[in-house]
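Undergrad: What follows is my_file39.pdb, PDB, C-alpha atoms.
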MODEL        1
ATOM      1  CA  MET B   1      22.254   6.598   4.441
ATOM      2  CA  LYS B   2      18.963   4.725   4.787
ATOM      3  CA  ARG B   3      18.352   2.229   7.568
ATOM      4  CA  LEU B   4      19.547  -1.312   6.930
ATOM      5  CA  HIS B   5      17.152  -4.215   7.075
ATOM      6  CA  GLU B   6      17.313  -6.862   9.745
ATOM      7  CA  LYS B   7      16.066 -10.388   9.112
ATOM      8  CA  ARG B   8      13.313 -11.619  11.414
ATOM      9  CA  GLY B   9      13.143  -8.373  13.340
ATOM     10  CA  SER B  10      10.590  -7.879  16.036
ATOM     11  CA  GLY B  11       9.652  -4.294  15.212
ATOM     12  CA  GLN B  12       9.948  -3.479  18.884
ATOM     13  CA  GLY B  13      10.569   0.025  20.146
ATOM     14  CA  GLU B  14       9.645   2.412  22.878
ATOM     15  CA  ASP B  15       6.302   3.299  21.324
ATOM     16  CA  CYS B  16       4.398   2.851  18.097
ATOM     17  CA  ARG B  17       2.063   5.198  16.247
ATOM     18  CA  LEU B  18       1.238   3.571  12.945
ATOM     19  CA  SER B  19      -0.007   5.777  10.125
ATOM     20  CA  VAL B  20      -1.402   4.303   6.925
ATOM     21  CA  SER B  21      -2.525   5.978   3.728
ATOM     22  CA  VAL B  22      -3.476   4.472   0.386
ATOM     23  CA  LEU B  23      -2.049   6.955  -2.136
ATOM     24  CA  ALA B  24      -3.722   5.328  -5.136
ATOM     25  CA  SER B  25      -5.600   2.101  -5.766
ATOM     26  CA  GLY B  26      -6.814   0.567  -8.993
ATOM     27  CA  SER B  27      -5.733  -0.660 -12.400
ATOM     28  CA  ARG B  28      -4.084   2.681 -13.235
ATOM     29  CA  GLY B  29      -1.660   2.616 -10.315
ATOM     30  CA  ASN B  30      -1.247   1.480  -6.688
ATOM     31  CA  ALA B  31       0.794   2.724  -3.751
ATOM     32  CA  THR B  32       0.328   2.594   0.035
ATOM     33  CA  TYR B  33       2.296   4.525   2.682
ATOM     34  CA  ILE B  34       2.921   3.045   6.150
ATOM     35  CA  SER B  35       4.965   4.596   8.954
ATOM     36  CA  ASP B  36       5.366   4.365  12.717
ATOM     37  CA  GLY B  37       7.041   7.787  12.917
ATOM     38  CA  ARG B  38      10.542   6.296  12.785
ATOM     39  CA  THR B  39      10.438   4.053   9.723
ATOM     40  CA  ALA B  40       8.386   4.812   6.606
ATOM     41  CA  ILE B  41       7.755   2.520   3.652
ATOM     42  CA  LEU B  42       5.737   2.286   0.476
ATOM     43  CA  ILE B  43       3.994  -0.889  -0.557
ATOM     44  CA  ASP B  44       4.196  -0.705  -4.351
ATOM     45  CA  ALA B  45       4.744   2.408  -6.440
ATOM     46  CA  GLY B  46       2.595   2.057  -9.527
ATOM     47  CA  LEU B  47       2.337   5.737 -10.419
ATOM     48  CA  SER B  48       5.119   7.959 -11.713
ATOM     49  CA  GLY B  49       7.610   9.144  -9.122
ATOM     50  CA  VAL B  50       6.426  12.733  -9.550
ATOM     51  CA  GLU B  51       2.792  11.759  -9.036
ATOM     52  CA  ILE B  52       3.553   9.756  -5.904
ATOM     53  CA  GLN B  53       5.482  12.720  -4.470
ATOM     54  CA  ARG B  54       2.552  14.994  -5.328
ATOM     55  CA  ARG B  55       0.055  12.733  -3.612
ATOM     56  CA  MET B  56       2.221  12.394  -0.528
ATOM     57  CA  ALA B  57       2.573  16.185  -0.320
ATOM     58  CA  ARG B  58      -1.214  16.595  -0.461
ATOM     59  CA  LYS B  59      -1.511  14.375   2.613
ATOM     60  CA  GLY B  60       1.329  16.072   4.502
ATOM     61  CA  LEU B  61       3.692  13.123   3.991
ATOM     62  CA  ASP B  62       7.382  13.661   3.290
ATOM     63  CA  PRO B  63       8.960  11.429   0.611
ATOM     64  CA  THR B  64      12.438  12.136   2.010
ATOM     65  CA  SER B  65      11.377  10.248   5.164
ATOM     66  CA  LEU B  66      10.882   7.018   3.221
ATOM     67  CA  ASP B  67      13.188   4.103   3.977
ATOM     68  CA  ALA B  68      12.106   1.410   1.539
ATOM     69  CA  ILE B  69       9.653   0.144  -1.059
ATOM     70  CA  LEU B  70       8.001  -3.287  -0.823
ATOM     71  CA  VAL B  71       6.892  -4.784  -4.135
ATOM     72  CA  SER B  72       3.907  -7.136  -4.181
ATOM     73  CA  HIS B  73       4.175  -8.302  -7.810
ATOM     74  CA  GLU B  74       5.454  -7.251 -11.208
ATOM     75  CA  HIS B  75       2.382  -5.777 -12.917
ATOM     76  CA  ALA B  76       2.969  -2.254 -14.213
ATOM     77  CA  ASP B  77       0.304  -0.687 -12.008
ATOM     78  CA  HIS B  78       2.430  -1.731  -9.010
ATOM     79  CA  ILE B  79       6.001  -1.049 -10.153
ATOM     80  CA  HIS B  80       5.894   1.901 -12.558
ATOM     81  CA  GLY B  81       7.552   4.359 -10.160
ATOM     82  CA  VAL B  82       9.663   1.953  -8.100
ATOM     83  CA  GLY B  83      12.976   2.473  -9.846
ATOM     84  CA  VAL B  84      12.876   6.252 -10.047
ATOM     85  CA  LEU B  85      11.882   6.617  -6.388
ATOM     86  CA  SER B  86      14.585   4.174  -5.311
ATOM     87  CA  ARG B  87      17.239   6.183  -7.164
ATOM     88  CA  ARG B  88      15.885   9.601  -6.226
ATOM     89  CA  PHE B  89      15.570   8.998  -2.472
ATOM     90  CA  GLY B  90      18.103   6.232  -1.881
ATOM     91  CA  LEU B  91      15.504   3.566  -1.090
ATOM     92  CA  THR B  92      16.083  -0.153  -0.771
ATOM     93  CA  VAL B  93      13.605  -2.150  -2.831
ATOM     94  CA  TYR B  94      12.325  -5.339  -1.155
ATOM     95  CA  ILE B  95      11.214  -7.786  -3.843
ATOM     96  CA  ASN B  96      11.243 -11.544  -4.250
ATOM     97  CA  ASP B  97      13.462 -13.101  -6.914
ATOM     98  CA  ARG B  98      10.762 -14.311  -9.291
ATOM     99  CA  THR B  99       9.004 -10.939  -9.209
ATOM    100  CA  ARG B 100      12.272  -9.124  -9.909
ATOM    101  CA  GLN B 101      13.018 -11.395 -12.851
ATOM    102  CA  ALA B 102       9.493 -10.988 -14.238
ATOM    103  CA  SER B 103       9.820  -7.191 -13.971
ATOM    104  CA  GLY B 104      12.507  -7.277 -16.660
ATOM    105  CA  THR B 105      13.889  -3.809 -17.389
ATOM    106  CA  ALA B 106      10.879  -1.975 -15.931
ATOM    107  CA  LEU B 107      12.610  -1.284 -12.605
ATOM    108  CA  GLY B 108      15.849   0.024 -14.078
ATOM    109  CA  LYS B 109      18.831   0.489 -11.786
ATOM    110  CA  LEU B 110      17.933   0.369  -8.091
ATOM    111  CA  TYR B 111      19.686   2.120  -5.210
ATOM    112  CA  ALA B 112      19.709  -1.139  -3.257
ATOM    113  CA  LEU B 113      17.921  -4.477  -3.436
ATOM    114  CA  PHE B 114      16.802  -6.911  -0.742
ATOM    115  CA  PRO B 115      15.288 -10.211  -1.897
ATOM    116  CA  PHE B 116      12.634 -11.662   0.389
ATOM    117  CA  SER B 117      10.758 -14.957   0.312
ATOM    118  CA  CYS B 118       7.070 -15.315   1.056
ATOM    119  CA  GLY B 119       6.598 -16.901   4.463
ATOM    120  CA  HIS B 120       9.858 -15.515   5.876
ATOM    121  CA  ALA B 121       9.669 -12.471   8.154
ATOM    122  CA  PHE B 122      12.174  -9.617   8.215
ATOM    123  CA  SER B 123      12.286  -6.078   9.539
ATOM    124  CA  ILE B 124      12.804  -2.665   8.039
ATOM    125  CA  GLY B 125      13.935  -0.380  10.826
ATOM    126  CA  SER B 126      11.294  -0.564  13.545
ATOM    127  CA  LEU B 127       8.671  -2.299  11.353
ATOM    128  CA  ALA B 128       8.242  -6.084  11.305
ATOM    129  CA  ILE B 129       7.273  -7.323   7.849
ATOM    130  CA  HIS B 130       5.728 -10.689   7.047
ATOM    131  CA  PRO B 131       5.110 -11.417   3.350
ATOM    132  CA  PHE B 132       2.727 -14.227   2.424
ATOM    133  CA  SER B 133       1.707 -15.865  -0.837
ATOM    134  CA  ILE B 134      -1.494 -14.840  -2.588
ATOM    135  CA  SER B 135      -3.310 -16.195  -5.646
ATOM    136  CA  HIS B 136      -2.922 -13.889  -8.669
ATOM    137  CA  ASP B 137      -1.733 -14.190 -12.269
ATOM    138  CA  ALA B 138       1.797 -13.049 -11.487
ATOM    139  CA  GLU B 139       5.030 -14.952 -10.886
ATOM    140  CA  ASP B 140       5.182 -14.900  -7.068
ATOM    141  CA  PRO B 141       2.667 -12.350  -5.735
ATOM    142  CA  ALA B 142       2.707 -11.340  -2.089
ATOM    143  CA  GLY B 143       0.449  -9.837   0.515
ATOM    144  CA  PHE B 144       1.962  -8.255   3.620
ATOM    145  CA  THR B 145       1.415  -7.678   7.279
ATOM    146  CA  ILE B 146       3.306  -4.844   8.949
ATOM    147  CA  SER B 147       3.582  -4.828  12.739
ATOM    148  CA  CYS B 148       4.941  -2.590  15.471
ATOM    149  CA  GLN B 149       4.546  -3.050  19.212
ATOM    150  CA  GLY B 150       1.420  -5.161  18.842
ATOM    151  CA  ALA B 151      -0.242  -2.946  16.233
ATOM    152  CA  LYS B 152      -0.769  -4.730  12.906
ATOM    153  CA  VAL B 153      -1.724  -3.707   9.368
ATOM    154  CA  GLY B 154      -2.714  -6.253   6.733
ATOM    155  CA  VAL B 155      -2.569  -5.592   2.985
ATOM    156  CA  ALA B 156      -4.115  -8.050   0.514
ATOM    157  CA  THR B 157      -5.108  -6.833  -2.934
ATOM    158  CA  ASP B 158      -4.831  -8.464  -6.375
ATOM    159  CA  LEU B 159      -5.901 -11.946  -5.339
ATOM    160  CA  GLY B 160      -8.407 -14.280  -6.922
ATOM    161  CA  ILE B 161      -9.302 -16.218  -3.786
ATOM    162  CA  ALA B 162      -8.788 -15.791  -0.065
ATOM    163  CA  THR B 163      -6.855 -18.935   0.787
ATOM    164  CA  GLY B 164      -6.300 -20.336   4.251
ATOM    165  CA  VAL B 165      -2.812 -18.823   4.172
ATOM    166  CA  VAL B 166      -4.286 -15.379   3.528
ATOM    167  CA  LYS B 167      -6.834 -15.731   6.322
ATOM    168  CA  THR B 168      -4.197 -16.937   8.771
ATOM    169  CA  HIS B 169      -1.838 -14.035   8.133
ATOM    170  CA  LEU B 170      -4.569 -11.401   8.243
ATOM    171  CA  GLN B 171      -5.855 -12.463  11.657
ATOM    172  CA  ALA B 172      -5.789  -9.862  14.469
ATOM    173  CA  CYS B 173      -5.092  -6.825  12.262
ATOM    174  CA  ASP B 174      -5.972  -3.337  13.499
ATOM    175  CA  ILE B 175      -6.179  -2.023   9.927
ATOM    176  CA  LEU B 176      -7.081  -4.132   6.898
ATOM    177  CA  ILE B 177      -6.595  -3.037   3.294
ATOM    178  CA  LEU B 178      -8.607  -5.537   1.256
ATOM    179  CA  GLU B 179      -9.425  -5.789  -2.411
ATOM    180  CA  ALA B 180     -13.073  -5.318  -3.415
ATOM    181  CA  ASN B 181     -12.581  -5.301  -7.149
ATOM    182  CA  HIS B 182     -15.931  -5.923  -8.770
ATOM    183  CA  ASP B 183     -19.638  -6.412  -8.378
ATOM    184  CA  PRO B 184     -20.300  -9.846  -9.933
ATOM    185  CA  GLN B 185     -23.375  -8.769 -11.899
ATOM    186  CA  MET B 186     -21.770  -5.576 -13.173
ATOM    187  CA  LEU B 187     -18.804  -7.617 -14.395
ATOM    188  CA  ILE B 188     -21.023 -10.101 -16.249
ATOM    189  CA  ASP B 189     -23.136  -7.329 -17.816
ATOM    190  CA  GLY B 190     -20.203  -5.027 -18.491
ATOM    191  CA  PRO B 191     -18.173  -4.239 -21.625
ATOM    192  CA  TYR B 192     -15.153  -6.498 -21.052
ATOM    193  CA  PRO B 193     -14.562  -9.395 -23.482
ATOM    194  CA  TRP B 194     -15.519 -12.780 -22.075
ATOM    195  CA  PRO B 195     -11.923 -14.087 -21.628
ATOM    196  CA  LEU B 196     -11.074 -11.035 -19.493
ATOM    197  CA  LYS B 197     -14.238 -11.504 -17.438
ATOM    198  CA  GLN B 198     -13.219 -15.116 -16.845
ATOM    199  CA  ARG B 199      -9.718 -14.039 -15.802
ATOM    200  CA  ILE B 200     -11.077 -11.515 -13.300
ATOM    201  CA  ARG B 201     -13.524 -14.047 -11.841
ATOM    202  CA  GLY B 202     -10.940 -16.831 -11.678
ATOM    203  CA  ARG B 203      -8.763 -18.128  -8.873
ATOM    204  CA  SER B 204      -5.868 -15.967 -10.047
ATOM    205  CA  GLY B 205      -7.903 -12.838 -10.731
ATOM    206  CA  HIS B 206      -9.538 -10.373  -8.356
ATOM    207  CA  LEU B 207     -11.862 -10.575  -5.352
ATOM    208  CA  SER B 208     -15.479  -9.551  -5.819
ATOM    209  CA  ASN B 209     -17.367  -7.474  -3.272
ATOM    210  CA  ASP B 210     -19.069 -10.653  -2.054
ATOM    211  CA  ASP B 211     -15.741 -12.466  -1.685
ATOM    212  CA  THR B 212     -14.376  -9.571   0.337
ATOM    213  CA  ALA B 213     -17.407  -9.576   2.606
ATOM    214  CA  LEU B 214     -16.897 -13.281   3.349
ATOM    215  CA  LEU B 215     -13.192 -12.712   4.041
ATOM    216  CA  LEU B 216     -13.922  -9.813   6.355
ATOM    217  CA  GLU B 217     -16.531 -11.849   8.205
ATOM    218  CA  ALA B 218     -13.817 -14.390   8.992
ATOM    219  CA  LEU B 219     -11.351 -11.684  10.104
ATOM    220  CA  GLN B 220     -13.510  -9.557  12.390
ATOM    221  CA  HIS B 221     -12.383  -9.100  15.968
ATOM    222  CA  ASP B 222     -12.903  -6.539  18.710
ATOM    223  CA  ARG B 223      -9.735  -4.536  18.021
ATOM    224  CA  LEU B 224     -10.253  -4.087  14.282
ATOM    225  CA  ALA B 225     -10.408  -0.310  13.810
ATOM    226  CA  HIS B 226     -10.301   0.405  10.069
ATOM    227  CA  VAL B 227     -11.124  -1.458   6.872
ATOM    228  CA  VAL B 228     -10.062   0.062   3.561
ATOM    229  CA  LEU B 229     -11.672  -1.361   0.433
ATOM    230  CA  ALA B 230      -9.150  -1.138  -2.394
ATOM    231  CA  HIS B 231      -8.517  -1.846  -6.082
ATOM    232  CA  LEU B 232     -12.130  -1.135  -7.103
ATOM    233  CA  SER B 233     -12.779  -1.514 -10.818
ATOM    234  CA  GLN B 234     -13.986   1.730 -12.358
ATOM    235  CA  GLU B 235     -15.948  -0.223 -14.973
ATOM    236  CA  ASN B 236     -17.344  -3.088 -12.885
ATOM    237  CA  ASN B 237     -17.948  -1.642  -9.418
ATOM    238  CA  THR B 238     -19.041   1.415  -7.499
ATOM    239  CA  PRO B 239     -18.024   2.594  -4.023
ATOM    240  CA  GLU B 240     -21.647   2.307  -2.949
ATOM    241  CA  LYS B 241     -21.934  -1.332  -4.012
ATOM    242  CA  ALA B 242     -18.646  -2.224  -2.322
ATOM    243  CA  ARG B 243     -19.652  -0.518   0.919
ATOM    244  CA  GLN B 244     -23.076  -2.130   0.964
ATOM    245  CA  ALA B 245     -21.694  -5.626   0.465
ATOM    246  CA  VAL B 246     -19.273  -5.250   3.360
ATOM    247  CA  LYS B 247     -21.684  -3.463   5.692
ATOM    248  CA  THR B 248     -23.877  -6.544   5.717
ATOM    249  CA  VAL B 249     -21.179  -8.514   7.561
ATOM    250  CA  LEU B 250     -19.929  -5.695   9.789
ATOM    251  CA  ASN B 251     -23.396  -5.732  11.348
ATOM    252  CA  GLY B 252     -23.047  -2.527  13.323
ATOM    253  CA  ALA B 253     -19.511  -3.178  14.574
ATOM    254  CA  SER B 254     -17.497  -0.080  15.462
ATOM    255  CA  VAL B 255     -15.191  -0.464  12.466
ATOM    256  CA  ARG B 256     -14.536   2.564  10.301
ATOM    257  CA  LEU B 257     -15.063   1.643   6.666
ATOM    258  CA  HIS B 258     -13.201   3.483   3.883
ATOM    259  CA  VAL B 259     -13.097   3.132   0.109
ATOM    260  CA  ALA B 260      -9.787   3.962  -1.578
ATOM    261  CA  SER B 261     -10.157   5.588  -4.979
ATOM    262  CA  GLN B 262      -7.861   5.660  -7.975
ATOM    263  CA  ALA B 263      -7.794   9.450  -8.018
ATOM    264  CA  ALA B 264      -7.329  10.211  -4.324
ATOM    265  CA  GLY B 265      -6.613   6.986  -2.442
ATOM    266  CA  SER B 266      -7.654   7.236   1.197
ATOM    267  CA  GLY B 267      -7.063   9.598   4.075
ATOM    268  CA  VAL B 268      -4.256   9.100   6.585
ATOM    269  CA  LEU B 269      -5.392   6.567   9.193
ATOM    270  CA  THR B 270      -3.525   6.549  12.500
ATOM    271  CA  LEU B 271      -3.358   3.976  15.277
ATOM    272  CA  ARG B 272      -2.259   5.377  18.642
TER     273      ARG B 272
ENDMDL
END
What does this structure look like when you write it as structure tokens?
TA:
Amino acid sequence: MKRLHEKRGSGQGEDCRLSVSVLASGSRGNATYISDGRTAILIDAGLSGVEIQRRMARKGLDPTSLDAILVSHEHADHIHGVGVLSRRFGLTVYINDRTRQASGTALGKLYALFPFSCGHAFSIGSLAIHPFSISHDAEDPAGFTISCQGAKVGVATDLGIATGVVKTHLQACDILILEANHDPQMLIDGPYPWPLKQRIRGRSGHLSNDDTALLLEALQHDRLAHVVLAHLSQENNTPEKARQAVKTVLNGASVRLHVASQAAGSGVLTLR
């Protein structure tokens, strides 16, 4: 039997050793693993169940240790494997009502369901979860912060603008996973039809490298240890361009900068 949720939990415990790994990031599938050694969750599961298990195994992560899946929004690259993993490993799926309804039959039967609301905190085992609203062309998309004993991870991808709400929730994170979707000039010069380019550039689309740099500039603090750039477009961005844009605002700070790829995600980052 998996651990039951607790509303408005504190995530407190005797100690906390948060581990974070982006398993995949991009338009072909997204999934992120977070654990404190006692509770383990996935944020999204946009690859097949088999592929997510394979990627976890490559990183030395055990899918049988998972307790839950958080769903950010209903797009296929975020929910493709949610249902099968929920059934296979007995995982509760945490999803807001509008996202669940918009998912239609894509989730299938779930082992267990817990509806959350953006702006209302809850806990999963020893992890404190705070979902917050983001701007994207989905029904009720969410970003998340995950906390344990003062350590805090922020996840914000698939958003067109960094609103004040986003900036407020992402303050004081030790690890940030931020979208850096496109280089503005590459998008304009690239092969996409103009309506799609406008969607990506819009307030409900995706953050550019420059947008991400401005967001990170507002979020920097002395304890920030890792920044993971995520959801890079394979057609309209390069890891080098994303890194360079963000490095200009890090300005020599002792933050470790990572780029999560579609094929391999990121390494396992650990806060002690």
Undergrad: What do you get, as a PDB file with C-alpha atoms, in the coordinates of the input, if you spell out every residue that the PyMOL selection byres ((chain B and resi 249-261) around 9) selects here?
TA:
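Printed below is out-v3.pdb as written:
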ATOM      1  CA  VAL B  22      -3.476   4.472   0.386  1.00  0.00           C
ATOM      2  CA  LEU B  23      -2.049   6.955  -2.136  1.00  0.00           C
ATOM      3  CA  ALA B  24      -3.722   5.328  -5.136  1.00  0.00           C
ATOM      4  CA  SER B  25      -5.600   2.101  -5.766  1.00  0.00           C
ATOM      5  CA  GLY B  26      -6.814   0.567  -8.993  1.00  0.00           C
ATOM      6  CA  ALA B 213     -17.407  -9.576   2.606  1.00  0.00           C
ATOM      7  CA  LEU B 214     -16.897 -13.281   3.349  1.00  0.00           C
ATOM      8  CA  LEU B 216     -13.922  -9.813   6.355  1.00  0.00           C
ATOM      9  CA  GLU B 217     -16.531 -11.849   8.205  1.00  0.00           C
ATOM     10  CA  GLN B 220     -13.510  -9.557  12.390  1.00  0.00           C
ATOM     11  CA  ASP B 222     -12.903  -6.539  18.710  1.00  0.00           C
ATOM     12  CA  ARG B 223      -9.735  -4.536  18.021  1.00  0.00           C
ATOM     13  CA  LEU B 224     -10.253  -4.087  14.282  1.00  0.00           C
ATOM     14  CA  ALA B 225     -10.408  -0.310  13.810  1.00  0.00           C
ATOM     15  CA  HIS B 226     -10.301   0.405  10.069  1.00  0.00           C
ATOM     16  CA  VAL B 227     -11.124  -1.458   6.872  1.00  0.00           C
ATOM     17  CA  VAL B 228     -10.062   0.062   3.561  1.00  0.00           C
ATOM     18  CA  LEU B 229     -11.672  -1.361   0.433  1.00  0.00           C
ATOM     19  CA  ALA B 230      -9.150  -1.138  -2.394  1.00  0.00           C
ATOM     20  CA  HIS B 231      -8.517  -1.846  -6.082  1.00  0.00           C
ATOM     21  CA  LEU B 232     -12.130  -1.135  -7.103  1.00  0.00           C
ATOM     22  CA  PRO B 239     -18.024   2.594  -4.023  1.00  0.00           C
ATOM     23  CA  ALA B 242     -18.646  -2.224  -2.322  1.00  0.00           C
ATOM     24  CA  ARG B 243     -19.652  -0.518   0.919  1.00  0.00           C
ATOM     25  CA  ALA B 245     -21.694  -5.626   0.465  1.00  0.00           C
ATOM     26  CA  VAL B 246     -19.273  -5.250   3.360  1.00  0.00           C
ATOM     27  CA  LYS B 247     -21.684  -3.463   5.692  1.00  0.00           C
ATOM     28  CA  THR B 248     -23.877  -6.544   5.717  1.00  0.00           C
ATOM     29  CA  GLN B 262      -7.861   5.660  -7.975  1.00  0.00           C
ATOM     30  CA  ALA B 263      -7.794   9.450  -8.018  1.00  0.00           C
ATOM     31  CA  ALA B 264      -7.329  10.211  -4.324  1.00  0.00           C
ATOM     32  CA  GLY B 265      -6.613   6.986  -2.442  1.00  0.00           C
ATOM     33  CA  SER B 266      -7.654   7.236   1.197  1.00  0.00           C
ATOM     34  CA  GLY B 267      -7.063   9.598   4.075  1.00  0.00           C
TER      35      GLY B 267
END
Undergrad: Translate the PyMOL selection byres ((chain B and resi 179-192) around 6), as applied to the file shown, into an explicit residue set as a ChimeraX atom specification.
TA: /B:157,178,193,207-209,212,229-233,236-237
Undergrad: Box time for stretch 63-70 of chain B: axis-aligned, enclosing all its listed atoms, 8 Å extra on each side; report centre and edge lengths in Å to one decimal, as AutoDock Vina command-line options.
TA:
--center_x 10.6 --center_y 4.4 --center_z 2.1 --size_x 21.2 --size_y 31.4 --size_z 22.2
Undergrad: To verify the selection step, state as a CSV table (one decimal) with C-alpha atoms, in the coordinates of the input which residues the PyMOL selection byres ((chain B and resi 200) around 10) yields on this input.
TA:
chain,number,residue,atom,x,y,z
B,136,HIS,CA,-2.9,-13.9,-8.7
B,137,ASP,CA,-1.7,-14.2,-12.3
B,158,ASP,CA,-4.8,-8.5,-6.4
B,159,LEU,CA,-5.9,-11.9,-5.3
B,160,GLY,CA,-8.4,-14.3,-6.9
B,181,ASN,CA,-12.6,-5.3,-7.1
B,182,HIS,CA,-15.9,-5.9,-8.8
B,184,PRO,CA,-20.3,-9.8,-9.9
B,187,LEU,CA,-18.8,-7.6,-14.4
B,194,TRP,CA,-15.5,-12.8,-22.1
B,195,PRO,CA,-11.9,-14.1,-21.6
B,196,LEU,CA,-11.1,-11.0,-19.5
B,197,LYS,CA,-14.2,-11.5,-17.4
B,198,GLN,CA,-13.2,-15.1,-16.8
B,199,ARG,CA,-9.7,-14.0,-15.8
B,201,ARG,CA,-13.5,-14.0,-11.8
B,202,GLY,CA,-10.9,-16.8,-11.7
B,203,ARG,CA,-8.8,-18.1,-8.9
B,204,SER,CA,-5.9,-16.0,-10.0
B,205,GLY,CA,-7.9,-12.8,-10.7
B,206,HIS,CA,-9.5,-10.4,-8.4
B,207,LEU,CA,-11.9,-10.6,-5.4
B,208,SER,CA,-15.5,-9.6,-5.8
Undergrad: What is the distance, in Å and to one decimal place, between atom CA of B:Pro63 and atom CA of B:Asp174?
TA: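 These two atoms are separated by 24.6 Å.
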Undergrad: What residues have an atom no more than 6 Å from (5.3, -3.3, -1.6) in the file's own frame, counting all atoms listed in the file, and can you write them as a PDB file with C-alpha atoms, keeping the file's coordinate frame?
TA:
ATOM      1  CA  LEU B  42       5.737   2.286   0.476  1.00  0.00           C
ATOM      2  CA  ILE B  43       3.994  -0.889  -0.557  1.00  0.00           C
ATOM      3  CA  ASP B  44       4.196  -0.705  -4.351  1.00  0.00           C
ATOM      4  CA  ILE B  69       9.653   0.144  -1.059  1.00  0.00           C
ATOM      5  CA  LEU B  70       8.001  -3.287  -0.823  1.00  0.00           C
ATOM      6  CA  VAL B  71       6.892  -4.784  -4.135  1.00  0.00           C
ATOM      7  CA  SER B  72       3.907  -7.136  -4.181  1.00  0.00           C
TER       8      SER B  72
END
Undergrad: Ranking B:Cys173, B:Val50, B:Ala102, B:Ala68 by minimum distance to B:Thr32 and counting all atoms listed in the file, which one comes first?
TA: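 Of B:Cys173, B:Val50, B:Ala102, B:Ala68, the one nearest B:Thr32 is B:Ala68, counting all atoms listed in the file.
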Undergrad: Taking all atoms listed in the file into account, name the residue in B:Gly104, B:Lys59, B:Thr163, B:Ala151 that is nearest to B:Asp15.
TA: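 Checking each of B:Gly104, B:Lys59, B:Thr163, B:Ala151 against B:Asp15, counting all atoms listed in the file, the winner is B:Ala151.
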Undergrad: Please rebuild stretch 41-52 of chain B with N, CA, C and O atoms and give the result as a CSV table (one decimal), keeping the file's coordinate frame.
TA:
chain,number,residue,atom,x,y,z
B,41,ILE,N,7.6,3.3,4.8
B,41,ILE,CA,7.8,2.5,3.7
B,41,ILE,C,6.6,2.8,2.7
B,41,ILE,O,5.5,3.3,3.1
B,42,LEU,N,6.8,2.4,1.4
B,42,LEU,CA,5.7,2.3,0.5
B,42,LEU,C,5.5,0.8,0.2
B,42,LEU,O,6.5,0.1,0.0
B,43,ILE,N,4.3,0.4,0.1
B,43,ILE,CA,4.0,-0.9,-0.6
B,43,ILE,C,3.6,-0.6,-2.0
B,43,ILE,O,2.5,0.0,-2.2
B,44,ASP,N,4.4,-1.0,-2.9
B,44,ASP,CA,4.2,-0.7,-4.4
B,44,ASP,C,4.3,0.8,-4.7
B,44,ASP,O,4.2,1.6,-3.8
B,45,ALA,N,4.6,1.0,-5.9
B,45,ALA,CA,4.7,2.4,-6.4
B,45,ALA,C,4.4,2.3,-7.9
B,45,ALA,O,5.2,2.3,-8.8
B,46,GLY,N,3.1,2.3,-8.2
B,46,GLY,CA,2.6,2.1,-9.5
B,46,GLY,C,2.2,3.3,-10.3
B,46,GLY,O,1.7,3.2,-11.4
B,47,LEU,N,2.5,4.5,-9.7
B,47,LEU,CA,2.3,5.7,-10.4
B,47,LEU,C,3.7,6.3,-10.7
B,47,LEU,O,4.7,5.7,-10.3
B,48,SER,N,3.8,7.3,-11.5
B,48,SER,CA,5.1,8.0,-11.7
B,48,SER,C,5.7,8.5,-10.4
B,48,SER,O,4.9,8.8,-9.5
B,49,GLY,N,7.0,8.6,-10.3
B,49,GLY,CA,7.6,9.1,-9.1
B,49,GLY,C,7.1,10.5,-8.8
B,49,GLY,O,6.8,10.8,-7.6
B,50,VAL,N,6.9,11.4,-9.8
B,50,VAL,CA,6.4,12.7,-9.6
B,50,VAL,C,5.0,12.7,-9.0
B,50,VAL,O,4.7,13.4,-8.0
B,51,GLU,N,4.2,11.8,-9.5
B,51,GLU,CA,2.8,11.8,-9.0
B,51,GLU,C,2.7,11.2,-7.6
B,51,GLU,O,1.9,11.7,-6.8
B,52,ILE,N,3.5,10.3,-7.3
B,52,ILE,CA,3.6,9.8,-5.9
B,52,ILE,C,4.0,10.9,-5.0
B,52,ILE,O,3.4,11.0,-3.9
